[in-house]
Amino acid sequence: KPFEIGTDPQVDAQFSIPYTVSAALIRGDIFLQDFETERIMNEKVKNLAERVDVRPDSTLPDKDITHCKMVVRMGSGKRYEKVIEAPLGNPGNPMDMARCKEKFEKCLSYSGLPLDQGKVDELFSMIERLEEVEDVGVITSLMEP
């Protein structure tokens with residue numbers, strides 16, 4: 001359905017393909033701050049979201065939630081197409097450790113926790129070997145300022 005802002009803009013944006021597609025196209029990525037009201041209300045994003053047309057693809061398996069095909073048609077007539085067999089992070093398309101660390105650091109930065117790089121590295125190292133950590137309380141204690 002078209003992107004509509006109702007009583008809870010954050011939830012409306014989180015569950016809107018037109019919003020998430022337009023925000024990602026304009027900003028180059030979609031991340032937690034893109035679901036804050038000020039960014040949701042961005043006119044450029046809202047205007048592009050109005051032009052996002054979501055349609056089921058009958059060539060994909062029924063009830064399939066992993067495959068996706070996206071087509072972007074430019075005003076010039078140029079067309080871009082991308083097919084995804086499995087989303088990034090899915091077992092069929094796992095993220096490598098460098099990408100996991102990048103996302104972890106991005107989330108940590110967004111959290112506002114004032115951690116120095118030494119703590120961040122130690123925290124990530126523990127998470128990398130989570131199966132060996134006997135007390136997860138150690139991990140949460142590292143996140144204390």
# chains A, B, ... in the order shown; residues from 1 in each chain; ligands from 1
$ select_by_dssp --residues "chain A" --states "strand (DSSP E or B)" --output "JSON list (two decimals) with N, CA, C and O atoms, in the first residue's frame"
[["chain", "number", "residue", "atom", "x", "y", "z"],
["A", 68, "CYS", "N", 13.56, -11.16, -3.98],
["A", 68, "CYS", "CA", 13.04, -9.83, -4.29],
["A", 68, "CYS", "C", 13.62, -9.39, -5.63],
["A", 68, "CYS", "O", 14.75, -9.71, -5.97],
["A", 69, "LYS", "N", 12.81, -8.67, -6.37],
["A", 69, "LYS", "CA", 13.29, -8.05, -7.60],
["A", 69, "LYS", "C", 12.89, -6.59, -7.53],
["A", 69, "LYS", "O", 11.74, -6.26, -7.25],
["A", 70, "MET", "N", 13.87, -5.72, -7.77],
["A", 70, "MET", "CA", 13.61, -4.29, -7.73],
["A", 70, "MET", "C", 13.99, -3.68, -9.07],
["A", 70, "MET", "O", 15.06, -3.97, -9.60],
["A", 71, "VAL", "N", 13.11, -2.87, -9.58],
["A", 71, "VAL", "CA", 13.36, -2.16, -10.84],
["A", 71, "VAL", "C", 13.21, -0.67, -10.56],
["A", 71, "VAL", "O", 12.22, -0.24, -10.00],
["A", 72, "VAL", "N", 14.22, 0.09, -10.95],
["A", 72, "VAL", "CA", 14.17, 1.54, -10.82],
["A", 72, "VAL", "C", 14.20, 2.12, -12.22],
["A", 72, "VAL", "O", 15.11, 1.85, -13.00],
["A", 73, "ARG", "N", 13.18, 2.90, -12.53],
["A", 73, "ARG", "CA", 13.10, 3.58, -13.83],
["A", 73, "ARG", "C", 13.35, 5.06, -13.62],
["A", 73, "ARG", "O", 12.63, 5.71, -12.87],
["A", 79, "ARG", "N", 16.93, 2.26, -16.97],
["A", 79, "ARG", "CA", 16.31, 1.29, -16.06],
["A", 79, "ARG", "C", 17.41, 0.51, -15.35],
["A", 79, "ARG", "O", 18.37, 0.06, -15.96],
["A", 80, "TYR", "N", 17.23, 0.35, -14.04],
["A", 80, "TYR", "CA", 18.15, -0.44, -13.22],
["A", 80, "TYR", "C", 17.34, -1.57, -12.61],
["A", 80, "TYR", "O", 16.22, -1.36, -12.16],
["A", 81, "GLU", "N", 17.92, -2.76, -12.60],
["A", 81, "GLU", "CA", 17.21, -3.92, -12.04],
["A", 81, "GLU", "C", 18.16, -4.72, -11.17],
["A", 81, "GLU", "O", 19.32, -4.91, -11.49],
["A", 82, "LYS", "N", 17.64, -5.19, -10.05],
["A", 82, "LYS", "CA", 18.43, -6.02, -9.13],
["A", 82, "LYS", "C", 17.53, -7.13, -8.61],
["A", 82, "LYS", "O", 16.40, -6.89, -8.21],
["A", 83, "VAL", "N", 18.06, -8.35, -8.63],
["A", 83, "VAL", "CA", 17.35, -9.50, -8.09],
["A", 83, "VAL", "C", 18.12, -9.99, -6.87],
["A", 83, "VAL", "O", 19.34, -10.14, -6.92],
["A", 84, "ILE", "N", 17.40, -10.22, -5.79],
["A", 84, "ILE", "CA", 17.99, -10.73, -4.56],
["A", 84, "ILE", "C", 17.41, -12.12, -4.30],
["A", 84, "ILE", "O", 16.19, -12.28, -4.24]]
$ closest_atom_pairs --of "segment 98-138 of chain A" --to "segment 27-48 of chain A" --cutoff "9 Å" --atoms "only C-alpha atoms" --output "Markdown table"
| residue | atom | partner | partner_atom | distance |
| --- | --- | --- | --- | --- |
| A:Lys106 | CA | A:Phe31 | CA | 8.9 |
| A:Cys107 | CA | A:Leu32 | CA | 8.0 |
| A:Tyr110 | CA | A:Leu32 | CA | 7.8 |
$ atom_distance --atom1 "atom CA of Met143 of chain A" --atom2 "atom CA of Leu108 of chain A"
9.3 Å
$ closest_residue --among "A:Ile65, A:Lys1, A:Phe104, A:Ala86" --to "Asp53 of chain A" --atoms "only C-alpha atoms"
A:Lys1
$ residues_around --residues "Pro145 of chain A" --least-positions-apart "3" --cutoff "9 Å" --atoms "only C-alpha atoms" --output "count of residues only"
5
$ residues_around --residues "Ile127 of chain A" --least-positions-apart "3" --cutoff "12 Å" --atoms "only C-alpha atoms" --output "ChimeraX atom specification"
/A:97,100-101,104,120-124,130-136,138-140,142
$ write_last_selection --atoms "N, CA and C atoms" --output "PDB file, in the first residue's frame"
ATOM      1  N   MET A  97      32.403 -11.257   8.696  1.00  0.00           N
ATOM      2  CA  MET A  97      32.681 -10.679  10.009  1.00  0.00           C
ATOM      3  C   MET A  97      32.980  -9.182   9.915  1.00  0.00           C
ATOM      4  N   CYS A 100      29.688  -7.501   9.806  1.00  0.00           N
ATOM      5  CA  CYS A 100      29.047  -7.593  11.127  1.00  0.00           C
ATOM      6  C   CYS A 100      29.636  -6.545  12.072  1.00  0.00           C
ATOM      7  N   LYS A 101      30.961  -6.418  12.038  1.00  0.00           N
ATOM      8  CA  LYS A 101      31.612  -5.447  12.926  1.00  0.00           C
ATOM      9  C   LYS A 101      31.210  -4.028  12.546  1.00  0.00           C
ATOM     10  N   PHE A 104      27.761  -3.521  13.844  1.00  0.00           N
ATOM     11  CA  PHE A 104      27.828  -3.451  15.304  1.00  0.00           C
ATOM     12  C   PHE A 104      28.282  -2.062  15.747  1.00  0.00           C
ATOM     13  N   VAL A 120      35.176  -1.033  22.755  1.00  0.00           N
ATOM     14  CA  VAL A 120      34.411  -1.485  21.598  1.00  0.00           C
ATOM     15  C   VAL A 120      35.056  -2.743  21.020  1.00  0.00           C
ATOM     16  N   ASP A 121      36.379  -2.723  20.874  1.00  0.00           N
ATOM     17  CA  ASP A 121      37.091  -3.887  20.337  1.00  0.00           C
ATOM     18  C   ASP A 121      36.963  -5.095  21.246  1.00  0.00           C
ATOM     19  N   GLU A 122      37.069  -4.882  22.552  1.00  0.00           N
ATOM     20  CA  GLU A 122      36.933  -5.980  23.514  1.00  0.00           C
ATOM     21  C   GLU A 122      35.517  -6.553  23.479  1.00  0.00           C
ATOM     22  N   LEU A 123      34.555  -5.682  23.414  1.00  0.00           N
ATOM     23  CA  LEU A 123      33.149  -6.094  23.354  1.00  0.00           C
ATOM     24  C   LEU A 123      32.880  -6.934  22.110  1.00  0.00           C
ATOM     25  N   PHE A 124      33.352  -6.456  20.969  1.00  0.00           N
ATOM     26  CA  PHE A 124      33.137  -7.203  19.731  1.00  0.00           C
ATOM     27  C   PHE A 124      33.867  -8.540  19.764  1.00  0.00           C
ATOM     28  N   LEU A 130      31.056 -15.760  21.386  1.00  0.00           N
ATOM     29  CA  LEU A 130      29.972 -15.800  22.359  1.00  0.00           C
ATOM     30  C   LEU A 130      29.785 -17.177  22.988  1.00  0.00           C
ATOM     31  N   GLU A 131      29.992 -18.221  22.195  1.00  0.00           N
ATOM     32  CA  GLU A 131      29.808 -19.585  22.720  1.00  0.00           C
ATOM     33  C   GLU A 131      30.773 -19.893  23.866  1.00  0.00           C
ATOM     34  N   GLU A 132      31.886 -19.182  23.916  1.00  0.00           N
ATOM     35  CA  GLU A 132      32.899 -19.429  24.955  1.00  0.00           C
ATOM     36  C   GLU A 132      32.696 -18.560  26.191  1.00  0.00           C
ATOM     37  N   VAL A 133      31.828 -17.559  26.114  1.00  0.00           N
ATOM     38  CA  VAL A 133      31.622 -16.643  27.235  1.00  0.00           C
ATOM     39  C   VAL A 133      30.770 -17.352  28.284  1.00  0.00           C
ATOM     40  N   GLU A 134      31.322 -17.491  29.472  1.00  0.00           N
ATOM     41  CA  GLU A 134      30.609 -18.204  30.545  1.00  0.00           C
ATOM     42  C   GLU A 134      29.559 -17.333  31.229  1.00  0.00           C
ATOM     43  N   ASP A 135      29.792 -16.034  31.282  1.00  0.00           N
ATOM     44  CA  ASP A 135      28.873 -15.127  31.964  1.00  0.00           C
ATOM     45  C   ASP A 135      28.619 -13.919  31.065  1.00  0.00           C
ATOM     46  N   VAL A 136      27.433 -13.843  30.467  1.00  0.00           N
ATOM     47  CA  VAL A 136      27.130 -12.726  29.570  1.00  0.00           C
ATOM     48  C   VAL A 136      27.078 -11.394  30.316  1.00  0.00           C
ATOM     49  N   VAL A 138      29.431 -10.137  31.789  1.00  0.00           N
ATOM     50  CA  VAL A 138      30.693  -9.476  31.454  1.00  0.00           C
ATOM     51  C   VAL A 138      30.493  -8.576  30.226  1.00  0.00           C
ATOM     52  N   ILE A 139      29.712  -9.064  29.283  1.00  0.00           N
ATOM     53  CA  ILE A 139      29.454  -8.282  28.060  1.00  0.00           C
ATOM     54  C   ILE A 139      28.688  -7.011  28.413  1.00  0.00           C
ATOM     55  N   THR A 140      27.634  -7.149  29.201  1.00  0.00           N
ATOM     56  CA  THR A 140      26.844  -5.963  29.543  1.00  0.00           C
ATOM     57  C   THR A 140      27.656  -4.998  30.414  1.00  0.00           C
ATOM     58  N   LEU A 142      30.756  -4.357  30.075  1.00  0.00           N
ATOM     59  CA  LEU A 142      31.637  -3.606  29.175  1.00  0.00           C
ATOM     60  C   LEU A 142      30.918  -2.428  28.531  1.00  0.00           C
TER      61      LEU A 142
END
